[in-house]
Structures are given as C-alpha cells and as structure tokens.
Amino acid sequence: MTTKQDTQADVLPYEEPSGIEQFQETLREYGVTRAVTYGLLGVFLVWTLFPVYWLVTATLKTRQTLLSFPPQWIPLDAQFGNFAQLFAQRPDFVQFIINSTVVTITTTILATTIGAMAAYAFVTFDYPYNLDFHLPFYILSTRFMPPIVTIIPLFVIFRGVGLVNSLQGLILVYTMFNIPFAVWMMKGFFEEVPDSLIESAMIDGHTHLGAFFKIVLPLVKPGLIASAIFTTIITWNELLFAVILALNANAMTVPVGLASFVTKFSVQWINMSVGATIALVPVLLFAFIARQQLVRGFSMGAVGK
Amino acid sequence: MATETDQATAEISSFQTDTTTRESVLLWVDDHLKWLMTLPAVFILFALTFYPLVRAIQMSTQQFLPTGTTFVGVQNYVDLMSNDAFLNSLAVTGKFIGIAVGVEFLLGFGIALLLNKKIKLRGLWQTLILIPMILSPTVIGLIWRLLYAPNGLLDYIAAPLTGGANVGWISETSVALYSVILTDIWQWTPLVVLVLFAGLQSVPDDVREAAIMDGASVRQRFLHITLPYLKSLIVLVLIIRLVDALRVFAKVFILTRGGPASATNVISMQMYRTAFRFNNFGEASAMAVSLLVLVLILAMSFVKIANVEFGS
C-alpha cells in the first residue's frame, strides 16, 4: 500500500500531448507564439510608461491643449514658460524643494550609518539570548507597521516637545522609518566580508571600530550606495508623515506642496504637472544608478543581488 | 576584564602621557562595541515605534476633550463596533486589497512567465518597468488625476463605449474605487513580475531539461517543478503587497480624499479624518490598535516564513 503511494508520488503519470498542446506546437513552428509574447510584453511596457510620458509632456502644454478632445499626443507648441510660471505663481515651491533636500540628505546619512553599524554588529558579534538572530527580525517587523498606527501618538508626542512643523521632527521620523531597510540591505553585504580580514586589521594595530570604518565599509560600498539610494527615494517621496507633521511652509516638503495644487474643488493643472515632473526627475536618476538593487530592496532582500 | 584594561591603560599612560584619555576611550569603545553599534538603531526604533505604540494603546482608552483627557476604558472600541464610517472603511479596504492584490498577482505572474522565454532586450525591459514602483504615490496620484480628468485622456479612449459622455472616473460613486484600484495595479504589478521572474530564473536548467527528457508535459512541469521553486517567493510577494495595500494612503488622498461620499474611504483615510479633521484622537487610536492587530497577524506569518525559507 505505502510502496504504491510512494511510486505514484515519484513518477509522474505520462500525459498524451493534448489537442491544445499540439495546436501550440503548430503555432510555435510558425513563430506565432514568439510574436504574441513580444506583443504582450510590448503592450505592458506601453501601459507602464505612457502615464509618465503623459505627465512629462503635460508640462509643455497649455491649459487648453492639456485636456483637449481629441488629445494632443505630442506637445506641438512647447510652453517652456510653464516652469518659470510655477515659481512665479508659487514662490514657496523653492522652499519646499530646499526642505525636501535637507530632510532627504540628512535622513539618508543617518539611516544608512545607523543601519550599517547595527547590521555589522548583528553579523559579527554573539549576543546573549540569541539576540543577534532575533533583533534583526524584530527590526524588520517594524517595517510592516502601518505608519498611520504610530502617527497619531507621534503627532501628540511631537506637539508636546515642539517638533511639529520642524525639519528635525521629519528627519527623526524618516530615520526611524528607513533603519529596517538599511539593516536588512546591509546585513547581506556584511555576511560576505571574511572575518579574517578584520582580525588581521586589528593585529595591524587598528581598533575594531577603526577596522570597521577603514577596512570593512569600503568593501561594502555597493551595499551602502544601494541603501542610501533606497532611503533617498523613500524619503523624497513620502507624503503621510509630512502632511501631518509639516503644516506650514517652513517645514512643508515637495509632496505636501504638490498635494496643495489639488483641492476638492479645483486643480491647478499646469502647475501640478510641472511640480510633479520636478519631483520625479531626481528619483528617476537615482533609480537608474541603483537599478540592480531596487528589486532586492522592494522584496526585502529576498530577490537579486 | 576591567582590571586588565586599567593595567593596559596605565602601562600606556606611563609612556605616552598625552594620549591617555584617547587610548582609554578607544579601548572602552572596543570593549563595548557590540552594544554601542546597535544602540542607535535600537534606541530610535524603541523611541519612535514601540513607545508610540504603547501611547496609542493608552490613548485608545481615553476621550480627548478641549479641557483634557478622561479615561473611558474600552468605550472607544465599543463605539467602533457601531461606527458605520469605520465599518464601511473596513469593507472598502477589503475590496481594495482583494481586487488590487489579486489582479496584480495574476497579471504579474502571467507576464513573468512570458518574460522567462528567450527575450531580446530583457534587461532594458526590466529596468523600464521599475519606474512606477519608485515614483512618489503623490506623483502617481497626480498622474492619474490628469488621466481621469473630465475630458481627459481616459474619457477620450472610453468614448466609443460611452458615446462621448464623461465617465466620472473619480467623481462617480460606483466607479471611483475601481479607478483607485487600477492606479495601484499600474504601480505594483511590475514588482510581482520582477520578483516572480527572479524565482523562475532560479529553476535550474538541468532540472527543467531532465523533466522534458522524461516526457513531462508543459502542465506537469509547471505544477511539479516551477511552482515548488516559486512557492516561497509567491508567499513573500503576496504578503508584501497585502501589508502595503492595507496602508494605502497617499494615492487615495490625492485622487479622491476618500470620496465621493465615502466610496474610496480606506482605513488610513478614515483614521486620518477621525484624528486630524475631527480631533477625535481616542477613537482614531482605537482604530489604529485594531488595524495593528490585523497587521501583526500578517507580519508574524511573514517572519515565520522568512525564518523557514530565508533564515540563516
């Protein structure tokens, strides 16, 4: 009885090629399958890219041609003045860009450094109670927490200590938000650095901390760049915390500024398109540099390297 | 241990008096390195994640009045049970997650299978479909606001079906949620494609070839070889998408603000309104804690899978 089941599990029953499979074989011979594959992948590519093209070309249109029937597929009479017009009508947008830049750069430096140090320690040292194994998982699990859950108490706490409407408050929150990413990205890179390298550096007279900064960090530069770019993109893009913690122009970031172009009752179409395009350009540049690492980041380290 | 260090410091100081403090500090740092290096990360996560969580639980038992707070026990939770807006937001979120993640998975899997054939320019194709994932949800909201605008591009494309009337993509109660879902599908299908494609690539060629030699049909190969190799990645990508879809905010905020009526009022939107429009921090915290319980269950299942599948 058991043997029979085992055999069935090991050997797959032979299946006659079905009618469909024979038909598929014919299609393959004539190159139809190939054409369909390329066709479908092409359609998906157009579907994915066209909306972005539509936004970017909107920056060169007028209010009339933007929503004309039939649509203007290519902006014929390019309105480069639209960019100047945004800054003329909304001078505060410059402040938003400065705020976003300051918050993003500071957060990136903090989160990457703090994350890398923690990741190195978890990989290198033994902790009591198996903490070197458990702590990274707890850190990772905070990534699953919906930000909206902590934002309500954070707002109350920040209001109490005067961190609402300040760039410092945003930087703190974003650093917290990005540490789990940084730890998990860096952990994989540190695991590949051989222990003997650190030992020989310490014999050469380096302190352990010195060896970490002078020997180990340069070796994991690709990982540092990847987590830095990842942090940069996430911080530059973030809306929820910013819309709650940055209420006045002194602390408002680009996404909050963009959101203000769109109200329930009206949309400043041209300004909105120009602002959104300005917001997406740095992200595209950074993403292109780190394209190999992005999927790894988005899949929490499970895929690619 | 401490005496050894002290002796070493003392010896050093007898030779180089001016570097004593520096040397001893460095020695102390090296001795405690394993705690010092993890301290900043653990402290920040504790102060800005765990402490606020405790506060959220505490606040969920309070009523916030202009004069101060009063303890009301589980009253906020009891009120939630009969709060139609909250219950509606749960239903909207459920529908959003179910349809969005379902379509993203099926569509993404299909495209990953197509991509797994011998394709020219595959690397370029993969790079290009990354773009929606990295865009700010704010920018994505604005892009689709433009596409969904009355007399906009999508109204033009749909004109043969609608006879030229505007669909009201985000202003019509019966359509708005599907429009928000479509935007999410547009953004996140590429992630499913790329993760599952990586999984397909990990199926060793010799296993696949051996199966072909043994006469396994396409269907058999898919069920008995491809799927088992992909299982953990399928679970992973589903959980990532599920947890992310559960907290969707920016897209809804930009596209519809939760309207029309409350057709797209997802749970984070409802919490945002309760706390920051109606200043009802107590009830919003009760919602937050309820949502957290839901997410914890999902996160724990992820940690379990991660431990089993990817743990060291």
# chains A, B, ... in the order shown; residues from 1 in each chain; ligands from 1

$ interface_residues --of "chain A" --to "chain B" --cutoff "6 Å" --atoms "only C-alpha atoms" --output "VMD selection string"
chain A and resid 55 67 114 117 to 118 121 146 149 to 150 153 to 154 176 208 237 276

$ select_by_dssp --residues "range 10-216 of chain B" --states "strand (DSSP E or B)" --output "JSON, numbers by chain"
{"B": [62, 63, 64, 65, 68, 69, 70, 71]}

$ write_last_selection --atoms "C-alpha atoms" --output "compact mmCIF listing (two decimals), in the first residue's frame"
# COMPACT_ATOMS: atom_id res chain seq x y z
CA GLN B 62 -9.09 57.99 26.58
CA GLN B 63 -11.51 60.60 25.43
CA PHE B 64 -9.93 63.84 24.20
CA LEU B 65 -11.74 66.99 25.25
CA GLY B 68 -8.05 67.49 28.84
CA THR B 69 -8.37 63.74 28.63
CA THR B 70 -10.56 61.37 30.58
CA PHE B 71 -10.22 57.62 30.95

$ closest_residue --among "B:Leu107, B:Asn166, B:Pro66, B:Val203" --to "Phe69 in chain A" --atoms "only C-alpha atoms"
B:Asn166

$ select_by_dssp --residues "range 79-277 of chain B" --states "helix (DSSP H, G or I)" --output "PyMOL selection string"
chain B and resi 79-81+84-115+122-129+131-134+137-148+153-162+173-201+205-213+218-246+250-255+267-277

$ write_last_selection --atoms "C-alpha atoms" --output "short mmCIF file (atom, residue, chain, number, x, y, z; two decimals), in the first residue's frame"
data_model
loop_
_atom_site.label_atom_id
_atom_site.label_comp_id
_atom_site.auth_asym_id
_atom_site.auth_seq_id
_atom_site.Cartn_x
_atom_site.Cartn_y
_atom_site.Cartn_z
CA ASP B 79 -18.16 52.72 19.77
CA LEU B 80 -16.17 51.41 16.81
CA MET B 81 -18.46 48.40 16.52
CA ASP B 84 -20.76 53.00 10.25
CA ALA B 85 -17.97 55.08 8.74
CA PHE B 86 -15.35 52.80 10.28
CA LEU B 87 -17.13 49.60 9.28
CA ASN B 88 -17.54 51.00 5.77
CA SER B 89 -13.84 51.81 5.61
CA LEU B 90 -13.03 48.22 6.54
CA ALA B 91 -15.23 46.98 3.71
CA VAL B 92 -13.68 49.44 1.24
CA THR B 93 -10.17 48.42 2.32
CA GLY B 94 -11.05 44.74 2.00
CA LYS B 95 -12.39 45.24 -1.50
CA PHE B 96 -9.39 47.36 -2.45
CA ILE B 97 -6.91 44.76 -1.22
CA GLY B 98 -8.78 41.78 -2.64
CA ILE B 99 -9.09 43.13 -6.16
CA ALA B 100 -5.81 45.03 -6.36
CA VAL B 101 -3.56 42.30 -4.98
CA GLY B 102 -5.45 39.58 -6.84
CA VAL B 103 -5.11 41.26 -10.23
CA GLU B 104 -1.50 42.31 -9.57
CA PHE B 105 -0.60 38.74 -8.74
CA LEU B 106 -2.32 37.05 -11.68
CA LEU B 107 -1.26 39.64 -14.22
CA GLY B 108 2.26 39.80 -12.81
CA PHE B 109 2.64 36.01 -12.82
CA GLY B 110 1.47 35.79 -16.41
CA ILE B 111 3.91 38.44 -17.55
CA ALA B 112 6.76 36.86 -15.58
CA LEU B 113 6.10 33.61 -17.45
CA LEU B 114 6.23 35.44 -20.79
CA LEU B 115 9.42 37.19 -19.76
CA ARG B 122 15.10 41.78 -21.45
CA GLY B 123 17.38 43.80 -19.15
CA LEU B 124 16.21 47.08 -20.63
CA TRP B 125 12.58 45.99 -20.38
CA GLN B 126 13.04 45.12 -16.70
CA THR B 127 14.68 48.46 -15.95
CA LEU B 128 11.89 50.40 -17.62
CA ILE B 129 9.05 48.68 -15.79
CA ILE B 131 9.63 53.20 -12.97
CA PRO B 132 6.11 53.14 -11.41
CA MET B 133 7.43 51.44 -8.25
CA ILE B 134 9.87 54.22 -7.45
CA PRO B 137 2.49 57.97 -4.56
CA THR B 138 1.79 61.68 -4.64
CA VAL B 139 3.15 61.99 -8.18
CA ILE B 140 1.27 58.84 -9.16
CA GLY B 141 -1.93 60.30 -7.76
CA LEU B 142 -1.35 63.45 -9.81
CA ILE B 143 -0.56 61.49 -12.99
CA TRP B 144 -3.80 59.56 -12.72
CA ARG B 145 -5.76 62.63 -11.67
CA LEU B 146 -4.69 64.01 -15.04
CA LEU B 147 -5.68 60.82 -16.89
CA TYR B 148 -9.03 60.60 -15.06
CA LEU B 153 -7.30 61.01 -21.98
CA LEU B 154 -9.25 58.10 -20.49
CA ASP B 155 -12.57 59.73 -21.30
CA TYR B 156 -11.32 60.04 -24.89
CA ILE B 157 -10.29 56.38 -25.00
CA ALA B 158 -13.58 55.25 -23.49
CA ALA B 159 -15.64 57.50 -25.76
CA PRO B 160 -16.59 54.74 -28.26
CA LEU B 161 -18.14 52.80 -25.35
CA THR B 162 -19.74 55.69 -23.52
CA THR B 173 -19.54 56.75 -6.66
CA SER B 174 -19.81 53.40 -8.43
CA VAL B 175 -16.56 53.84 -10.41
CA ALA B 176 -14.18 55.72 -8.12
CA LEU B 177 -12.89 52.76 -6.09
CA TYR B 178 -12.09 50.80 -9.27
CA SER B 179 -10.16 53.78 -10.60
CA VAL B 180 -8.08 53.89 -7.41
CA ILE B 181 -7.54 50.13 -7.68
CA LEU B 182 -6.43 50.49 -11.31
CA THR B 183 -3.83 53.03 -10.22
CA ASP B 184 -2.50 50.61 -7.61
CA ILE B 185 -2.38 47.80 -10.17
CA TRP B 186 -0.46 50.08 -12.51
CA GLN B 187 2.10 50.83 -9.82
CA TRP B 188 2.67 47.41 -8.28
CA THR B 189 2.22 44.76 -10.99
CA PRO B 190 5.85 45.32 -12.05
CA LEU B 191 7.06 44.28 -8.58
CA VAL B 192 5.21 40.98 -8.85
CA VAL B 193 6.65 40.49 -12.34
CA LEU B 194 10.23 41.10 -11.25
CA VAL B 195 10.10 39.01 -8.07
CA LEU B 196 8.42 36.04 -9.71
CA PHE B 197 10.68 36.32 -12.74
CA ALA B 198 13.70 36.08 -10.42
CA GLY B 199 12.09 32.94 -8.99
CA LEU B 200 11.57 31.45 -12.45
CA GLN B 201 15.21 32.10 -13.27
CA ASP B 205 18.16 24.37 -16.30
CA ASP B 206 19.18 20.73 -15.81
CA VAL B 207 16.07 20.02 -13.72
CA ARG B 208 13.88 21.54 -16.41
CA GLU B 209 15.71 19.66 -19.18
CA ALA B 210 15.56 16.38 -17.29
CA ALA B 211 11.80 16.79 -16.96
CA ILE B 212 11.47 17.44 -20.69
CA MET B 213 13.58 14.32 -21.40
CA VAL B 218 4.03 21.67 -20.01
CA ARG B 219 1.30 21.46 -17.39
CA GLN B 220 3.17 18.83 -15.37
CA ARG B 221 6.39 20.80 -15.49
CA PHE B 222 4.57 23.92 -14.29
CA LEU B 223 2.81 22.15 -11.41
CA HIS B 224 5.62 19.88 -10.23
CA ILE B 225 8.79 21.86 -10.99
CA THR B 226 8.12 25.56 -11.45
CA LEU B 227 5.53 26.05 -8.68
CA PRO B 228 7.53 24.34 -5.90
CA TYR B 229 10.56 26.51 -6.75
CA LEU B 230 8.40 29.64 -6.67
CA LYS B 231 6.36 28.85 -3.58
CA SER B 232 8.27 30.93 -1.05
CA LEU B 233 8.54 33.93 -3.37
CA ILE B 234 4.83 33.78 -4.15
CA VAL B 235 4.02 33.86 -0.44
CA LEU B 236 6.53 36.65 0.10
CA VAL B 237 5.30 38.89 -2.68
CA LEU B 238 1.68 38.36 -1.66
CA ILE B 239 2.39 39.34 1.93
CA ILE B 240 4.42 42.39 0.94
CA ARG B 241 1.63 43.54 -1.35
CA LEU B 242 -1.07 42.72 1.23
CA VAL B 243 0.58 44.69 4.00
CA ASP B 244 1.34 47.61 1.70
CA ALA B 245 -2.16 47.67 0.26
CA LEU B 246 -3.56 47.67 3.79
CA ALA B 250 -1.26 58.92 -0.47
CA LYS B 251 -2.89 57.69 -3.66
CA VAL B 252 -6.36 57.97 -2.15
CA PHE B 253 -5.53 61.30 -0.53
CA ILE B 254 -4.50 62.81 -3.86
CA LEU B 255 -7.07 61.12 -6.10
CA ILE B 267 -9.00 52.70 6.66
CA SER B 268 -5.98 55.03 6.81
CA MET B 269 -8.07 57.79 5.27
CA GLN B 270 -10.77 57.19 7.89
CA MET B 271 -8.17 57.33 10.69
CA TYR B 272 -6.65 60.50 9.26
CA ARG B 273 -10.05 62.17 9.16
CA THR B 274 -11.07 60.99 12.63
CA ALA B 275 -7.85 62.21 14.22
CA PHE B 276 -6.90 65.31 12.27
CA ARG B 277 -10.23 66.59 10.95
#

$ atom_distance --atom1 "CA of Thr277 in chain A" --atom2 "CA of Val56 in chain A"
5.9 Å

$ closest_residue --among "A:Asn99, A:Thr113, A:Thr231, A:Gln64" --to "Ala246 in chain A" --atoms "only C-alpha atoms"
A:Asn99

$ residues_around --residues "Pro147 in chain A" --least-positions-apart "5" --cutoff "9 Å" --atoms "only C-alpha atoms" --output "VMD selection string"
(chain A and resid 177 240 to 241) or (chain B and resid 247)

$ write_last_selection --atoms "all heavy atoms" --output "CSV table (one decimal), in the first residue's frame"
chain,number,residue,atom,x,y,z
A,177,PHE,N,12.0,55.3,10.1
A,177,PHE,CA,11.2,54.6,9.0
A,177,PHE,C,12.2,53.8,8.1
A,177,PHE,O,11.8,52.8,7.6
A,177,PHE,CB,10.6,55.7,8.2
A,177,PHE,CG,9.4,55.3,7.3
A,177,PHE,CD1,8.3,54.8,7.9
A,177,PHE,CD2,9.5,55.4,6.0
A,177,PHE,CE1,7.2,54.4,7.1
A,177,PHE,CE2,8.4,55.1,5.2
A,177,PHE,CZ,7.3,54.6,5.8
A,240,LEU,N,2.5,60.8,3.9
A,240,LEU,CA,1.7,60.8,5.1
A,240,LEU,C,2.2,61.5,6.3
A,240,LEU,O,1.6,62.3,6.9
A,240,LEU,CB,1.4,59.3,5.4
A,240,LEU,CG,0.6,59.0,6.7
A,240,LEU,CD1,-0.8,59.6,6.6
A,240,LEU,CD2,0.6,57.5,7.0
A,241,PHE,N,3.5,61.2,6.7
A,241,PHE,CA,4.1,61.8,7.8
A,241,PHE,C,4.2,63.3,7.6
A,241,PHE,O,3.9,64.1,8.5
A,241,PHE,CB,5.5,61.3,8.1
A,241,PHE,CG,5.4,59.9,8.8
A,241,PHE,CD1,5.9,58.8,8.2
A,241,PHE,CD2,5.0,59.8,10.1
A,241,PHE,CE1,5.8,57.6,8.8
A,241,PHE,CE2,4.9,58.6,10.8
A,241,PHE,CZ,5.4,57.5,10.1
B,247,ARG,N,-2.2,49.7,4.0
B,247,ARG,CA,-1.9,51.0,4.5
B,247,ARG,C,-1.9,52.1,3.4
B,247,ARG,O,-1.4,53.2,3.6
B,247,ARG,CB,-0.6,51.0,5.2
B,247,ARG,CG,0.6,50.7,4.4
B,247,ARG,CD,1.8,50.6,5.3
B,247,ARG,NE,3.0,50.4,4.5
B,247,ARG,CZ,4.1,50.1,5.1
B,247,ARG,NH1,4.1,49.9,6.4
B,247,ARG,NH2,5.2,49.9,4.4

$ atom_distance --atom1 "CA of Ile171 in chain A" --atom2 "CA of Ser141 in chain A"
21.0 Å

$ atom_distance --atom1 "CA of Phe212 in chain A" --atom2 "CA of Tyr120 in chain A"
8.5 Å

$ residues_around --residues "Thr175 in chain A" --least-positions-apart "3" --cutoff "6 Å" --atoms "only C-alpha atoms" --output "list in words"
Thr107, Ala111, Ile171, Leu172 and Asn178 of chain A

$ residues_around --residues "Pro282 in chain A" --least-positions-apart "3" --cutoff "12 Å" --atoms "only C-alpha atoms" --output "PDB file with C-alpha atoms, in the first residue's frame"
ATOM      1  CA  ILE A  97      12.440  71.815  -2.628  1.00  0.00           C
ATOM      2  CA  SER A 100      12.844  68.133   0.928  1.00  0.00           C
ATOM      3  CA  THR A 101      16.532  68.213   0.019  1.00  0.00           C
ATOM      4  CA  THR A 104      16.340  63.676   2.457  1.00  0.00           C
ATOM      5  CA  ILE A 229      19.625  55.482  -2.771  1.00  0.00           C
ATOM      6  CA  THR A 232      16.704  58.782  -0.592  1.00  0.00           C
ATOM      7  CA  ILE A 233      13.856  57.678  -2.844  1.00  0.00           C
ATOM      8  CA  ILE A 234      11.549  56.688   0.001  1.00  0.00           C
ATOM      9  CA  TRP A 236      11.888  62.200  -1.002  1.00  0.00           C
ATOM     10  CA  ASN A 237       8.550  60.589  -1.926  1.00  0.00           C
ATOM     11  CA  ALA A 276       5.238  66.636 -10.212  1.00  0.00           C
ATOM     12  CA  THR A 277       7.786  66.402 -13.027  1.00  0.00           C
ATOM     13  CA  ILE A 278      10.355  68.289 -10.940  1.00  0.00           C
ATOM     14  CA  ALA A 279       9.657  65.848  -8.104  1.00  0.00           C
ATOM     15  CA  LEU A 285      18.174  59.454 -11.833  1.00  0.00           C
ATOM     16  CA  PHE A 286      18.848  57.698  -8.535  1.00  0.00           C
ATOM     17  CA  ALA A 287      16.782  54.685  -9.504  1.00  0.00           C
ATOM     18  CA  PHE A 288      18.764  54.309 -12.690  1.00  0.00           C
ATOM     19  CA  ILE A 289      22.037  54.234 -10.738  1.00  0.00           C
TER      20      ILE A 289
ATOM     21  CA  ILE B 134       9.868  54.218  -7.449  1.00  0.00           C
ATOM     22  CA  LEU B 135       7.577  57.157  -8.133  1.00  0.00           C
ATOM     23  CA  SER B 136       6.093  59.017  -5.230  1.00  0.00           C
TER      24      SER B 136
END

$ decode --residues "range 178-260 of chain A" --atoms "C-alpha atoms" --output "mmCIF file, in the first residue's frame"
data_model
loop_
_atom_site.group_PDB
_atom_site.id
_atom_site.type_symbol
_atom_site.label_atom_id
_atom_site.label_comp_id
_atom_site.auth_asym_id
_atom_site.auth_seq_id
_atom_site.Cartn_x
_atom_site.Cartn_y
_atom_site.Cartn_z
ATOM 1 C CA ASN A 178 14.333 53.693 6.947
ATOM 2 C CA ILE A 179 16.506 51.888 9.503
ATOM 3 C CA PRO A 180 14.831 48.491 8.936
ATOM 4 C CA PHE A 181 15.575 48.712 5.197
ATOM 5 C CA ALA A 182 19.163 49.723 5.814
ATOM 6 C CA VAL A 183 19.777 46.946 8.354
ATOM 7 C CA TRP A 184 18.401 44.279 6.042
ATOM 8 C CA MET A 185 20.134 45.516 2.920
ATOM 9 C CA MET A 186 23.494 45.793 4.699
ATOM 10 C CA LYS A 187 23.249 42.510 6.578
ATOM 11 C CA GLY A 188 23.584 40.509 3.386
ATOM 12 C CA PHE A 189 26.643 42.503 2.322
ATOM 13 C CA PHE A 190 28.445 42.199 5.657
ATOM 14 C CA GLU A 191 27.880 38.453 5.706
ATOM 15 C CA GLU A 192 30.217 38.194 2.718
ATOM 16 C CA VAL A 193 33.136 40.017 4.340
ATOM 17 C CA PRO A 194 35.543 37.384 5.726
ATOM 18 C CA ASP A 195 36.240 37.562 9.486
ATOM 19 C CA SER A 196 39.970 37.065 8.877
ATOM 20 C CA LEU A 197 40.159 40.492 7.238
ATOM 21 C CA ILE A 198 39.023 42.245 10.403
ATOM 22 C CA GLU A 199 41.269 40.105 12.569
ATOM 23 C CA SER A 200 44.369 40.919 10.515
ATOM 24 C CA ALA A 201 43.448 44.608 10.531
ATOM 25 C CA MET A 202 43.262 44.507 14.313
ATOM 26 C CA ILE A 203 46.618 42.757 14.516
ATOM 27 C CA ASP A 204 47.974 45.597 12.369
ATOM 28 C CA GLY A 205 47.047 47.947 15.183
ATOM 29 C CA HIS A 206 43.567 49.101 14.200
ATOM 30 C CA THR A 207 40.886 49.223 16.846
ATOM 31 C CA HIS A 208 37.819 47.188 15.960
ATOM 32 C CA LEU A 209 35.834 50.358 15.337
ATOM 33 C CA GLY A 210 38.686 51.719 13.219
ATOM 34 C CA ALA A 211 38.809 48.485 11.219
ATOM 35 C CA PHE A 212 35.052 48.770 10.637
ATOM 36 C CA PHE A 213 35.319 52.272 9.177
ATOM 37 C CA LYS A 214 38.641 51.893 7.305
ATOM 38 C CA ILE A 215 38.549 48.279 6.088
ATOM 39 C CA VAL A 216 35.005 46.897 6.167
ATOM 40 C CA LEU A 217 32.898 49.854 4.991
ATOM 41 C CA PRO A 218 34.896 50.428 1.764
ATOM 42 C CA LEU A 219 34.357 46.751 0.924
ATOM 43 C CA VAL A 220 30.580 47.013 1.150
ATOM 44 C CA LYS A 221 30.373 50.271 -0.798
ATOM 45 C CA PRO A 222 27.846 48.833 -3.307
ATOM 46 C CA GLY A 223 25.542 47.966 -0.416
ATOM 47 C CA LEU A 224 25.951 51.396 1.156
ATOM 48 C CA ILE A 225 25.164 53.089 -2.147
ATOM 49 C CA ALA A 226 22.123 50.872 -2.655
ATOM 50 C CA SER A 227 20.662 51.510 0.801
ATOM 51 C CA ALA A 228 21.443 55.208 0.546
ATOM 52 C CA ILE A 229 19.625 55.482 -2.771
ATOM 53 C CA PHE A 230 16.727 53.451 -1.465
ATOM 54 C CA THR A 231 16.429 55.695 1.597
ATOM 55 C CA THR A 232 16.704 58.782 -0.592
ATOM 56 C CA ILE A 233 13.856 57.678 -2.844
ATOM 57 C CA ILE A 234 11.549 56.688 0.001
ATOM 58 C CA THR A 235 12.199 59.868 1.978
ATOM 59 C CA TRP A 236 11.888 62.200 -1.002
ATOM 60 C CA ASN A 237 8.550 60.589 -1.926
ATOM 61 C CA GLU A 238 6.891 60.346 1.491
ATOM 62 C CA LEU A 239 3.543 62.069 1.991
ATOM 63 C CA LEU A 240 1.681 60.753 5.052
ATOM 64 C CA PHE A 241 4.076 61.837 7.828
ATOM 65 C CA ALA A 242 4.795 65.115 6.056
ATOM 66 C CA VAL A 243 1.155 66.019 5.588
ATOM 67 C CA ILE A 244 0.537 65.538 9.317
ATOM 68 C CA LEU A 245 3.792 66.784 10.851
ATOM 69 C CA ALA A 246 4.584 69.656 8.463
ATOM 70 C CA LEU A 247 1.666 72.038 8.351
ATOM 71 C CA ASN A 248 3.290 75.350 7.474
ATOM 72 C CA ALA A 249 5.517 76.414 4.597
ATOM 73 C CA ASN A 250 8.640 76.440 6.778
ATOM 74 C CA ALA A 251 8.605 72.665 7.031
ATOM 75 C CA MET A 252 6.454 71.560 4.083
ATOM 76 C CA THR A 253 8.125 69.124 1.689
ATOM 77 C CA VAL A 254 7.584 68.746 -2.064
ATOM 78 C CA PRO A 255 4.857 66.048 -1.823
ATOM 79 C CA VAL A 256 2.828 68.203 0.593
ATOM 80 C CA GLY A 257 3.292 71.187 -1.709
ATOM 81 C CA LEU A 258 2.140 69.109 -4.669
ATOM 82 C CA ALA A 259 -0.899 67.938 -2.773
ATOM 83 C CA SER A 260 -1.857 71.568 -2.241
#
